[in-house]
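Just query-v6.cif here, mmCIF, C-alpha atoms:
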data_query
loop_
_atom_site.group_PDB
_atom_site.id
_atom_site.type_symbol
_atom_site.label_atom_id
_atom_site.label_comp_id
_atom_site.auth_asym_id
_atom_site.auth_seq_id
_atom_site.Cartn_x
_atom_site.Cartn_y
_atom_site.Cartn_z
ATOM 1 C CA MET A 203 2.660 -4.793 -36.096
ATOM 2 C CA ARG A 204 1.601 -6.482 -32.865
ATOM 3 C CA GLY A 205 2.848 -4.871 -29.651
ATOM 4 C CA ASP A 206 4.440 -8.161 -28.549
ATOM 5 C CA THR A 207 6.352 -8.752 -31.791
ATOM 6 C CA VAL A 208 10.091 -9.206 -31.347
ATOM 7 C CA ILE A 209 12.075 -7.348 -33.954
ATOM 8 C CA ASP A 210 14.949 -9.776 -34.533
ATOM 9 C CA MET A 211 18.047 -7.653 -35.010
ATOM 10 C CA ARG A 212 20.631 -10.140 -33.852
ATOM 11 C CA ASP A 213 22.136 -10.374 -37.349
ATOM 12 C CA ASP A 214 21.940 -6.619 -37.943
ATOM 13 C CA ALA A 215 25.250 -5.136 -36.817
ATOM 14 C CA GLY A 216 23.643 -1.702 -36.582
ATOM 15 C CA MET A 217 21.152 -2.963 -34.023
ATOM 16 C CA SER A 218 23.489 -5.168 -31.988
ATOM 17 C CA TRP A 219 23.197 -2.726 -29.057
ATOM 18 C CA LEU A 220 19.695 -4.115 -28.455
ATOM 19 C CA ALA A 221 21.062 -7.593 -27.714
ATOM 20 C CA PRO A 222 20.854 -7.231 -23.893
ATOM 21 C CA VAL A 223 17.093 -6.806 -24.203
ATOM 22 C CA GLN A 224 16.501 -9.193 -27.108
ATOM 23 C CA HIS A 225 18.400 -12.180 -25.729
ATOM 24 C CA ARG A 226 17.298 -12.207 -22.102
ATOM 25 C CA LEU A 227 13.551 -11.713 -22.163
ATOM 26 C CA GLY A 228 10.374 -13.322 -23.416
ATOM 27 C CA ALA A 229 8.662 -11.888 -26.468
ATOM 28 C CA ASP A 230 5.903 -10.183 -24.468
ATOM 29 C CA ILE A 231 8.513 -7.945 -22.793
ATOM 30 C CA ALA A 232 11.354 -7.888 -25.339
ATOM 31 C CA GLY A 233 9.155 -6.932 -28.289
ATOM 32 C CA PRO A 234 7.696 -3.659 -26.947
ATOM 33 C CA VAL A 235 10.870 -2.680 -25.082
ATOM 34 C CA ALA A 236 13.211 -3.311 -28.020
ATOM 35 C CA ALA A 237 10.904 -1.534 -30.437
ATOM 36 C CA THR A 238 10.703 1.512 -28.166
ATOM 37 C CA LEU A 239 14.455 1.626 -27.631
ATOM 38 C CA ARG A 240 15.018 1.327 -31.368
ATOM 39 C CA ARG A 241 12.894 4.424 -31.973
ATOM 40 C CA LEU A 242 14.630 6.292 -29.143
ATOM 41 C CA GLY A 243 17.956 5.293 -30.646
ATOM 42 C CA ALA A 244 17.138 7.281 -33.767
ATOM 43 C CA VAL A 245 17.036 10.409 -31.567
ATOM 44 C CA LEU A 246 19.662 9.766 -28.855
ATOM 45 C CA PRO A 247 21.788 6.814 -30.005
ATOM 46 C CA ALA A 248 24.307 6.706 -27.159
ATOM 47 C CA GLN A 249 21.676 7.173 -24.459
ATOM 48 C CA ALA A 250 19.367 4.532 -25.920
ATOM 49 C CA ALA A 251 22.257 2.058 -26.127
ATOM 50 C CA ALA A 252 23.184 2.765 -22.503
ATOM 51 C CA ALA A 253 19.566 2.238 -21.504
ATOM 52 C CA ALA A 254 19.387 -1.066 -23.383
ATOM 53 C CA ASP A 255 22.514 -2.309 -21.636
ATOM 54 C CA LEU A 256 21.391 -1.438 -18.109
ATOM 55 C CA LEU A 257 17.728 -2.263 -18.624
ATOM 56 C CA GLY A 258 18.567 -5.636 -20.142
ATOM 57 C CA GLY A 259 20.465 -6.555 -17.003
ATOM 58 C CA VAL A 260 17.786 -5.242 -14.664
ATOM 59 C CA LEU A 261 15.052 -7.195 -16.439
ATOM 60 C CA ALA A 262 17.065 -10.390 -16.996
ATOM 61 C CA PRO A 263 15.637 -12.199 -13.931
ATOM 62 C CA LEU A 264 12.162 -11.929 -15.437
ATOM 63 C CA GLY A 265 13.367 -13.913 -18.442
ATOM 64 C CA GLY A 266 14.099 -16.830 -16.127
ATOM 65 C CA SER A 267 10.789 -16.760 -14.260
ATOM 66 C CA ILE A 268 9.143 -20.052 -13.362
ATOM 67 C CA TRP A 269 5.912 -18.293 -14.356
ATOM 68 C CA PRO A 270 6.818 -17.034 -17.848
ATOM 69 C CA GLU A 271 3.166 -16.682 -18.791
ATOM 70 C CA VAL A 272 2.714 -13.827 -16.281
ATOM 71 C CA ALA A 273 6.199 -12.279 -16.242
ATOM 72 C CA GLY A 274 5.065 -9.654 -18.739
ATOM 73 C CA SER A 275 1.796 -8.774 -17.037
ATOM 74 C CA PHE A 276 2.200 -8.815 -13.242
ATOM 75 C CA SER A 277 3.516 -5.337 -12.494
ATOM 76 C CA ARG A 278 1.674 -2.357 -11.033
ATOM 77 C CA LEU A 279 3.936 -0.047 -13.023
ATOM 78 C CA THR A 280 1.542 0.029 -15.987
ATOM 79 C CA ASN A 281 -2.113 -0.533 -16.759
ATOM 80 C CA THR A 282 -1.448 -3.848 -18.534
ATOM 81 C CA GLY A 283 1.091 -5.194 -16.045
ATOM 82 C CA MET A 284 4.047 -4.568 -18.382
ATOM 83 C CA PRO A 285 7.082 -4.504 -16.036
ATOM 84 C CA VAL A 286 8.703 -1.517 -17.768
ATOM 85 C CA GLU A 287 7.579 2.072 -18.174
ATOM 86 C CA PHE A 288 9.400 4.746 -20.134
ATOM 87 C CA SER A 289 8.903 8.367 -19.199
ATOM 88 C CA TRP A 290 9.165 11.709 -20.923
ATOM 89 C CA SER A 291 9.987 15.235 -19.783
ATOM 90 C CA SER A 292 9.265 18.408 -21.721
ATOM 91 C CA ARG A 293 12.566 19.907 -20.520
ATOM 92 C CA GLU A 294 15.085 17.053 -20.759
ATOM 93 C CA ALA A 295 16.875 15.349 -23.632
ATOM 94 C CA THR A 296 17.161 12.013 -21.822
ATOM 95 C CA VAL A 297 16.082 8.392 -22.090
ATOM 96 C CA ARG A 298 14.192 7.538 -18.902
ATOM 97 C CA TRP A 299 12.776 4.237 -17.655
ATOM 98 C CA THR A 300 11.523 2.423 -14.551
ATOM 99 C CA ALA A 301 11.367 -1.358 -14.248
ATOM 100 C CA GLU A 302 10.696 -4.378 -12.108
ATOM 101 C CA VAL A 303 13.841 -6.203 -11.017
ATOM 102 C CA ALA A 304 12.622 -9.658 -10.098
ATOM 103 C CA ALA A 305 10.322 -12.366 -11.398
ATOM 104 C CA PRO A 306 6.698 -12.397 -10.172
ATOM 105 C CA GLU A 307 7.326 -15.343 -7.849
ATOM 106 C CA VAL A 308 9.986 -13.465 -5.807
ATOM 107 C CA ALA A 309 8.896 -12.402 -2.313
ATOM 108 C CA ASP A 310 8.081 -8.730 -1.744
ATOM 109 C CA ARG A 311 10.605 -8.364 1.077
ATOM 110 C CA GLU A 312 13.460 -9.285 -1.274
ATOM 111 C CA ARG A 313 12.719 -6.869 -4.083
ATOM 112 C CA LEU A 314 14.257 -3.624 -2.845
ATOM 113 C CA LEU A 315 17.618 -5.225 -2.143
ATOM 114 C CA LEU A 316 17.538 -6.848 -5.581
ATOM 115 C CA ALA A 317 16.777 -3.463 -7.134
ATOM 116 C CA ALA A 318 19.754 -1.961 -5.317
ATOM 117 C CA ARG A 319 22.043 -4.725 -6.530
ATOM 118 C CA ALA A 320 20.796 -4.305 -10.105
ATOM 119 C CA LEU A 321 21.881 -0.654 -9.984
ATOM 120 C CA ASP A 322 25.130 -1.360 -8.106
ATOM 121 C CA TRP A 323 23.818 0.814 -5.272
ATOM 122 C CA ARG A 324 26.384 2.098 -2.780
ATOM 123 C CA ASP A 325 24.389 4.464 -0.583
ATOM 124 C CA GLU A 326 22.957 3.548 2.817
ATOM 125 C CA LEU A 327 19.693 1.614 2.454
ATOM 126 C CA ALA A 328 19.028 0.318 5.973
ATOM 127 C CA PRO A 329 16.196 2.781 6.819
ATOM 128 C CA TRP A 330 14.422 1.904 3.568
ATOM 129 C CA LEU A 331 14.986 -1.845 3.781
ATOM 130 C CA GLU A 332 13.408 -1.800 7.235
ATOM 131 C CA LEU A 333 10.170 -0.576 5.665
ATOM 132 C CA GLN A 334 10.089 -3.620 3.354
ATOM 133 C CA ARG A 335 10.903 -6.243 5.942
ATOM 134 C CA ASP A 336 7.437 -7.525 6.811
ATOM 135 C CA ASP A 337 4.759 -5.593 4.954
ATOM 136 C CA PRO A 338 3.425 -6.474 1.498
ATOM 137 C CA LEU A 339 4.155 -4.097 -1.350
ATOM 138 C CA VAL A 340 1.179 -2.047 -2.456
ATOM 139 C CA PHE A 341 2.937 -0.768 -5.572
ATOM 140 C CA GLY A 342 6.418 -2.188 -5.929
ATOM 141 C CA ALA A 343 10.164 -1.858 -5.434
ATOM 142 C CA TRP A 344 11.605 -0.626 -8.718
ATOM 143 C CA ALA A 345 14.853 0.392 -10.358
ATOM 144 C CA SER A 346 14.951 3.510 -12.488
ATOM 145 C CA ALA A 347 17.500 5.372 -14.588
ATOM 146 C CA ARG A 348 17.829 8.531 -16.613
ATOM 147 C CA HIS A 349 20.379 8.511 -19.439
ATOM 148 C CA GLY A 350 21.502 11.957 -20.558
ATOM 149 C CA GLU A 351 24.998 13.405 -20.657
ATOM 150 C CA GLU A 352 25.504 11.332 -17.516
ATOM 151 C CA ARG A 353 23.567 8.468 -15.953
ATOM 152 C CA ALA A 354 21.361 9.027 -12.905
ATOM 153 C CA THR A 355 19.715 6.155 -11.056
ATOM 154 C CA LYS A 356 16.899 5.936 -8.540
ATOM 155 C CA LEU A 357 15.298 3.318 -6.305
ATOM 156 C CA TYR A 358 11.550 3.374 -5.738
ATOM 157 C CA VAL A 359 10.499 2.278 -2.257
ATOM 158 C CA ASP A 360 6.962 1.313 -1.264
ATOM 159 C CA LEU A 361 5.693 3.146 1.847
ATOM 160 C CA HIS A 362 3.217 0.702 3.341
ATOM 161 C CA ALA A 363 0.422 2.453 5.258
ATOM 162 C CA GLY A 364 2.184 5.778 4.689
ATOM 163 C CA ARG A 365 5.082 4.953 6.997
ATOM 164 C CA LEU A 366 8.255 6.993 6.571
ATOM 165 C CA PRO A 367 11.760 6.214 7.840
ATOM 166 C CA ALA A 368 12.314 7.716 11.269
ATOM 167 C CA ILE A 369 15.093 9.957 9.965
ATOM 168 C CA TRP A 370 12.649 11.650 7.580
ATOM 169 C CA ARG A 371 9.436 11.918 9.610
ATOM 170 C CA ASP A 372 10.190 15.301 11.142
ATOM 171 C CA ARG A 373 12.575 16.647 8.536
ATOM 172 C CA TYR A 374 10.011 18.694 6.588
ATOM 173 C CA PHE A 375 6.597 20.036 7.578
ATOM 174 C CA LEU A 376 4.701 18.678 4.563
ATOM 175 C CA LEU A 377 5.624 15.114 5.500
ATOM 176 C CA ARG A 378 3.315 15.549 8.507
ATOM 177 C CA SER A 379 0.325 16.870 6.533
ATOM 178 C CA ASN A 380 -3.090 15.312 7.208
ATOM 179 C CA LEU A 381 -4.067 16.074 3.602
ATOM 180 C CA LEU A 382 -1.596 13.562 2.227
ATOM 181 C CA THR A 383 -1.038 9.808 2.403
ATOM 182 C CA TRP A 384 2.537 8.963 1.456
ATOM 183 C CA ARG A 385 2.697 6.030 -0.958
ATOM 184 C CA MET A 386 6.216 5.785 -2.384
ATOM 185 C CA SER A 387 9.632 7.372 -2.253
ATOM 186 C CA GLY A 388 12.286 7.740 -4.927
ATOM 187 C CA VAL A 389 15.725 7.491 -3.328
ATOM 188 C CA ASN A 390 18.764 8.942 -5.102
ATOM 189 C CA PRO A 391 22.428 7.966 -4.600
ATOM 190 C CA ASP A 392 23.286 11.405 -3.166
ATOM 191 C CA GLY A 393 20.785 10.908 -0.327
ATOM 192 C CA SER A 394 18.117 13.186 -1.755
ATOM 193 C CA VAL A 395 14.580 11.777 -1.854
ATOM 194 C CA GLU A 396 11.354 12.391 -3.718
ATOM 195 C CA PHE A 397 8.246 11.448 -1.729
ATOM 196 C CA TYR A 398 4.990 10.607 -3.520
ATOM 197 C CA ALA A 399 1.584 11.025 -1.892
ATOM 198 C CA LEU A 400 -2.091 10.715 -2.654
ATOM 199 C CA GLY A 401 -3.966 13.901 -1.856
ATOM 200 C CA HIS A 402 -7.356 13.839 -0.180
ATOM 201 C CA GLU A 403 -9.719 16.019 -2.229
ATOM 202 C CA LEU A 404 -6.915 18.369 -3.237
ATOM 203 C CA ASP A 405 -8.249 21.284 -5.269
ATOM 204 C CA ARG A 406 -6.467 24.163 -6.987
ATOM 205 C CA PRO A 407 -6.473 26.524 -3.974
ATOM 206 C CA ALA A 408 -4.989 23.790 -1.785
ATOM 207 C CA LEU A 409 -2.306 23.015 -4.376
ATOM 208 C CA ALA A 410 -1.496 26.717 -4.761
ATOM 209 C CA ALA A 411 -1.153 27.114 -0.999
ATOM 210 C CA MET A 412 1.122 24.084 -0.882
ATOM 211 C CA ALA A 413 3.277 25.459 -3.710
ATOM 212 C CA ARG A 414 3.624 28.822 -1.972
ATOM 213 C CA ALA A 415 4.636 27.147 1.261
ATOM 214 C CA VAL A 416 7.201 24.856 -0.391
ATOM 215 C CA LEU A 417 8.527 26.935 -3.291
ATOM 216 C CA GLY A 418 7.677 30.499 -2.250
ATOM 217 C CA ASP A 419 5.684 31.086 -5.460
ATOM 218 C CA ALA A 420 2.679 29.151 -6.747
ATOM 219 C CA GLY A 421 2.741 30.753 -10.198
ATOM 220 C CA PRO A 422 4.977 28.347 -12.172
ATOM 221 C CA LEU A 423 3.207 25.196 -10.942
ATOM 222 C CA MET A 424 -0.337 26.533 -11.280
ATOM 223 C CA GLU A 425 0.199 28.146 -14.676
ATOM 224 C CA THR A 426 1.612 24.938 -16.133
ATOM 225 C CA LEU A 427 -1.164 22.924 -14.505
ATOM 226 C CA GLU A 428 -3.689 25.189 -16.256
ATOM 227 C CA THR A 429 -1.961 24.516 -19.582
ATOM 228 C CA VAL A 430 -2.304 20.780 -19.023
ATOM 229 C CA ALA A 431 -5.680 20.524 -17.309
ATOM 230 C CA GLY A 432 -7.518 23.680 -18.352
ATOM 231 C CA HIS A 433 -9.742 25.584 -15.951
ATOM 232 C CA GLY A 434 -12.060 22.757 -14.905
ATOM 233 C CA ALA A 435 -12.161 20.772 -11.698
ATOM 234 C CA LEU A 436 -9.282 18.433 -11.087
ATOM 235 C CA PRO A 437 -9.891 14.673 -10.830
ATOM 236 C CA ARG A 438 -10.855 13.394 -7.416
ATOM 237 C CA HIS A 439 -7.544 11.569 -7.010
ATOM 238 C CA VAL A 440 -4.596 13.921 -7.300
ATOM 239 C CA GLY A 441 -1.079 12.978 -6.304
ATOM 240 C CA ILE A 442 1.825 15.176 -5.346
ATOM 241 C CA SER A 443 5.525 14.612 -5.040
ATOM 242 C CA LEU A 444 7.948 16.514 -2.847
ATOM 243 C CA ALA A 445 11.636 16.453 -3.780
ATOM 244 C CA LEU A 446 14.013 17.143 -0.904
ATOM 245 C CA SER A 447 17.788 17.381 -0.683
ATOM 246 C CA ALA A 448 19.631 15.004 1.625
ATOM 247 C CA ASP A 449 19.421 17.583 4.414
ATOM 248 C CA GLY A 450 15.700 18.196 3.930
ATOM 249 C CA ARG A 451 15.646 21.362 1.830
ATOM 250 C CA PRO A 452 12.904 21.545 -0.829
ATOM 251 C CA ARG A 453 13.954 21.138 -4.441
ATOM 252 C CA ALA A 454 10.674 20.702 -6.318
ATOM 253 C CA LEU A 455 6.956 20.077 -5.967
ATOM 254 C CA SER A 456 4.864 18.116 -8.458
ATOM 255 C CA CYS A 457 1.192 17.442 -9.081
ATOM 256 C CA PHE A 458 0.223 14.130 -10.703
ATOM 257 C CA VAL A 459 -2.965 12.798 -12.265
ATOM 258 C CA VAL A 460 -3.741 9.604 -14.161
ATOM 259 C CA ALA A 461 -4.075 10.531 -17.838
ATOM 260 C CA LYS A 462 -7.388 8.761 -18.353
ATOM 261 C CA SER A 463 -8.929 10.632 -15.415
ATOM 262 C CA LEU A 464 -8.305 13.929 -17.191
ATOM 263 C CA PHE A 465 -8.633 13.060 -20.890
ATOM 264 C CA HIS A 466 -11.101 11.003 -22.895
ATOM 265 C CA HIS A 467 -8.566 9.251 -25.109
ATOM 266 C CA ASP A 468 -4.862 8.684 -25.572
ATOM 267 C CA ASP A 469 -4.942 10.879 -28.689
ATOM 268 C CA GLU A 470 -6.048 13.867 -26.592
ATOM 269 C CA VAL A 471 -3.120 13.362 -24.242
ATOM 270 C CA ALA A 472 -0.746 13.136 -27.188
ATOM 271 C CA ALA A 473 -2.038 16.370 -28.711
ATOM 272 C CA MET A 474 -1.583 18.209 -25.427
ATOM 273 C CA LEU A 475 1.944 16.888 -24.844
ATOM 274 C CA ARG A 476 3.006 17.659 -28.423
ATOM 275 C CA SER A 477 2.051 21.277 -27.832
ATOM 276 C CA LEU A 478 4.483 21.591 -24.934
ATOM 277 C CA ALA A 479 7.842 20.697 -26.446
ATOM 278 C CA ASP A 480 10.116 21.262 -29.385
ATOM 279 C CA GLY A 481 13.598 20.165 -30.389
ATOM 280 C CA VAL A 482 14.954 16.933 -28.943
ATOM 281 C CA PRO A 483 12.258 16.525 -26.243
ATOM 282 C CA ALA A 484 9.610 16.710 -28.979
ATOM 283 C CA ARG A 485 11.406 14.044 -31.007
ATOM 284 C CA LEU A 486 11.754 11.837 -27.938
ATOM 285 C CA TYR A 487 8.041 12.092 -27.285
ATOM 286 C CA GLU A 488 7.316 10.989 -30.866
ATOM 287 C CA ALA A 489 9.652 8.027 -30.420
ATOM 288 C CA LEU A 490 7.815 6.974 -27.272
ATOM 289 C CA ALA A 491 4.302 7.589 -28.587
ATOM 290 C CA SER A 492 4.593 6.328 -32.157
ATOM 291 C CA GLY A 493 4.528 2.609 -31.420
ATOM 292 C CA PRO A 494 1.620 0.476 -32.613
ATOM 293 C CA ASP A 495 -1.763 1.182 -31.023
ATOM 294 C CA ASP A 496 -2.911 -1.900 -29.128
ATOM 295 C CA GLY A 497 -6.258 -0.395 -28.165
ATOM 296 C CA ARG A 498 -5.317 0.269 -24.541
ATOM 297 C CA TRP A 499 -4.169 3.401 -22.736
ATOM 298 C CA ARG A 500 -0.450 3.989 -23.178
ATOM 299 C CA HIS A 501 -0.104 7.250 -21.248
ATOM 300 C CA GLY A 502 0.031 6.703 -17.492
ATOM 301 C CA MET A 503 0.654 9.416 -14.925
ATOM 302 C CA ILE A 504 1.001 13.020 -16.070
ATOM 303 C CA GLY A 505 3.042 15.241 -13.780
ATOM 304 C CA VAL A 506 3.331 19.012 -13.592
ATOM 305 C CA VAL A 507 6.566 19.982 -11.872
ATOM 306 C CA ALA A 508 7.936 23.261 -10.490
ATOM 307 C CA ASP A 509 11.289 23.678 -8.787
ATOM 308 C CA ILE A 510 12.737 26.062 -6.246
ATOM 309 C CA ALA A 511 14.350 28.105 -9.049
ATOM 310 C CA GLY A 512 10.950 28.954 -10.540
ATOM 311 C CA ARG A 513 11.126 26.604 -13.530
ATOM 312 C CA SER A 514 8.209 24.358 -14.484
ATOM 313 C CA TRP A 515 7.718 21.493 -16.911
ATOM 314 C CA VAL A 516 5.560 18.459 -17.682
ATOM 315 C CA GLN A 517 6.404 14.792 -17.575
ATOM 316 C CA CYS A 518 4.491 11.643 -18.443
ATOM 317 C CA GLY A 519 4.898 7.892 -18.213
ATOM 318 C CA LEU A 520 4.307 5.818 -21.343
ATOM 319 C CA ARG A 521 3.906 2.062 -21.666
ATOM 320 C CA PRO A 522 6.131 0.633 -24.409
ATOM 321 C CA THR A 523 4.641 -0.900 -27.544
#
Conversion result in structure tokens:
Amino acid sequence: MRGDTVIDMRDDAGMSWLAPVQHRLGADIAGPVAATLRRLGAVLPAQAAAAADLLGGVLAPLGGSIWPEVAGSFSRLTNTGMPVEFSWSSREATVRWTAEVAAPEVADRERLLLAARALDWRDELAPWLELQRDDPLVFGAWASARHGEERATKLYVDLHAGRLPAIWRDRYFLLRSNLLTWRMSGVNPDGSVEFYALGHELDRPALAAMARAVLGDAGPLMETLETVAGHGALPRHVGISLALSADGRPRALSCFVVAKSLFHHDDEVAAMLRSLADGVPARLYEALASGPDDGRWRHGMIGVVADIAGRSWVQCGLRPT
């Protein structure tokens, strides 16, 4: 089956929950997204239906683009420009996604506010909107949600030239590090934030030192990183994320690499990820990874995460097919 095939389930009462995605989008977006949600629905029916409902609304403006021929291929979220990415966690039984919120012709400065409206955002956004006022977006302004027992939403904010809101610049020492260039932030409704950075020649000793400074113990992060990446040298470009509470206390530290910089083929990534999970997370990974192979990389960023409680896990973004 082609990755852009729309599975028409409008007359199938059992699949009517996919209508928000099927009816509002072009085939190049609706086909892969609906097919992925259908597979996820076999594992977590209520969560997949909730994701279809919210995601259909978030993506709806793309279905009305004046440039329909590029609406499914303009985004920096994925390697093909698909404006949706699903993600997987080895520790969570959730349906997770991130998406564009506006058609490709919409101005960069408008996108964050549109993302907030799409998620019915009620928290203060002024410091983040100020960052988007004049500068072009390097990555994007995205809406994201995690559907588990409850729904959690997040806004992704582009940090042009590494600029941070004034209220955050001096809130935590790592935000001032010369080893890091801050690229994006993930803002949560409770005021907590996850900052994403590109590291400059970060190696294992540097990552271990960072983990000790942030978490008090480097063991959980470094041991899980070894499981994922082996003992060899890390790729030249390594990213990190720092999750902070609203008052600036550390919650978690992550290390990210692009899958194709660490593995030779998608199948190698899949084998590694399958070895890390069982139960519902394992079934969710199969739902995400078992779509038709279109000959292009489907795994995006792989993240190794450790939190302040000493837990560690792996997560990965996957392009829908």
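What separates CA of Ile369 (chain A) from CA of Ala343 (chain A) is a distance of 20.0 Å.
Between CA of Asp337 (chain A) and CA of Asp392 (chain A) the separation is 26.4 Å.
Minimum atom-to-atom distances from A:Leu404, A:Leu264, A:Ala489, A:Leu333 to His362 (chain A) were compared using only C-alpha atoms, and the lowest value belongs to A:Leu333.
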Q) For this file, the PyMOL selection byres ((chain A and resi 232) around 12) selects which residues, as an NGL selection string? A) :A and (205-211 or 220-231 or 233-240 or 254 or 257-258 or 261-262 or 264-265 or 273-274 or 284-286 or 522-523)
Q: Would you write out, as a ChimeraX atom specification, every residue that the PyMOL selection byres ((chain A and resi 313-318) around 10) captures in this file?
A: /A:260,301-305,308-312,319-325,327-328,330-331,333-335,339,342-346,355-360
Please report as CSV every residue of region 283-401 of chain A lying within 10 Å of region 432-456 of chain A, along with the nearest atom pair and their distance in Å (one decimal), using only C-alpha atoms.
residue,atom,partner,partner_atom,distance
A:Trp370,CA,A:Gly450,CA,8.1
A:Asp372,CA,A:Gly450,CA,9.5
A:Arg373,CA,A:Gly450,CA,5.8
A:Tyr374,CA,A:Gly450,CA,6.3
A:Phe375,CA,A:Gly450,CA,10.0
A:Leu376,CA,A:Leu444,CA,8.4
A:Leu377,CA,A:Leu444,CA,8.8
A:Leu382,CA,A:Ile442,CA,8.5
A:Thr383,CA,A:Gly441,CA,9.3
A:Trp384,CA,A:Ser443,CA,9.1
A:Arg385,CA,A:Gly441,CA,9.5
A:Met386,CA,A:Ser443,CA,9.2
A:Ser387,CA,A:Ser443,CA,8.8
A:Gly388,CA,A:Ala445,CA,8.8
A:Val389,CA,A:Ala448,CA,9.8
A:Asn390,CA,A:Ala448,CA,9.1
A:Pro391,CA,A:Ala448,CA,9.8
A:Asp392,CA,A:Ala448,CA,7.0
A:Gly393,CA,A:Ala448,CA,4.7
A:Ser394,CA,A:Ala448,CA,4.1
A:Val395,CA,A:Leu446,CA,5.5
A:Glu396,CA,A:Ala445,CA,4.1
A:Phe397,CA,A:Leu444,CA,5.2
A:Tyr398,CA,A:Ser443,CA,4.3
A:Ala399,CA,A:Ile442,CA,5.4
A:Leu400,CA,A:Gly441,CA,4.4
A:Gly401,CA,A:Gly441,CA,5.4
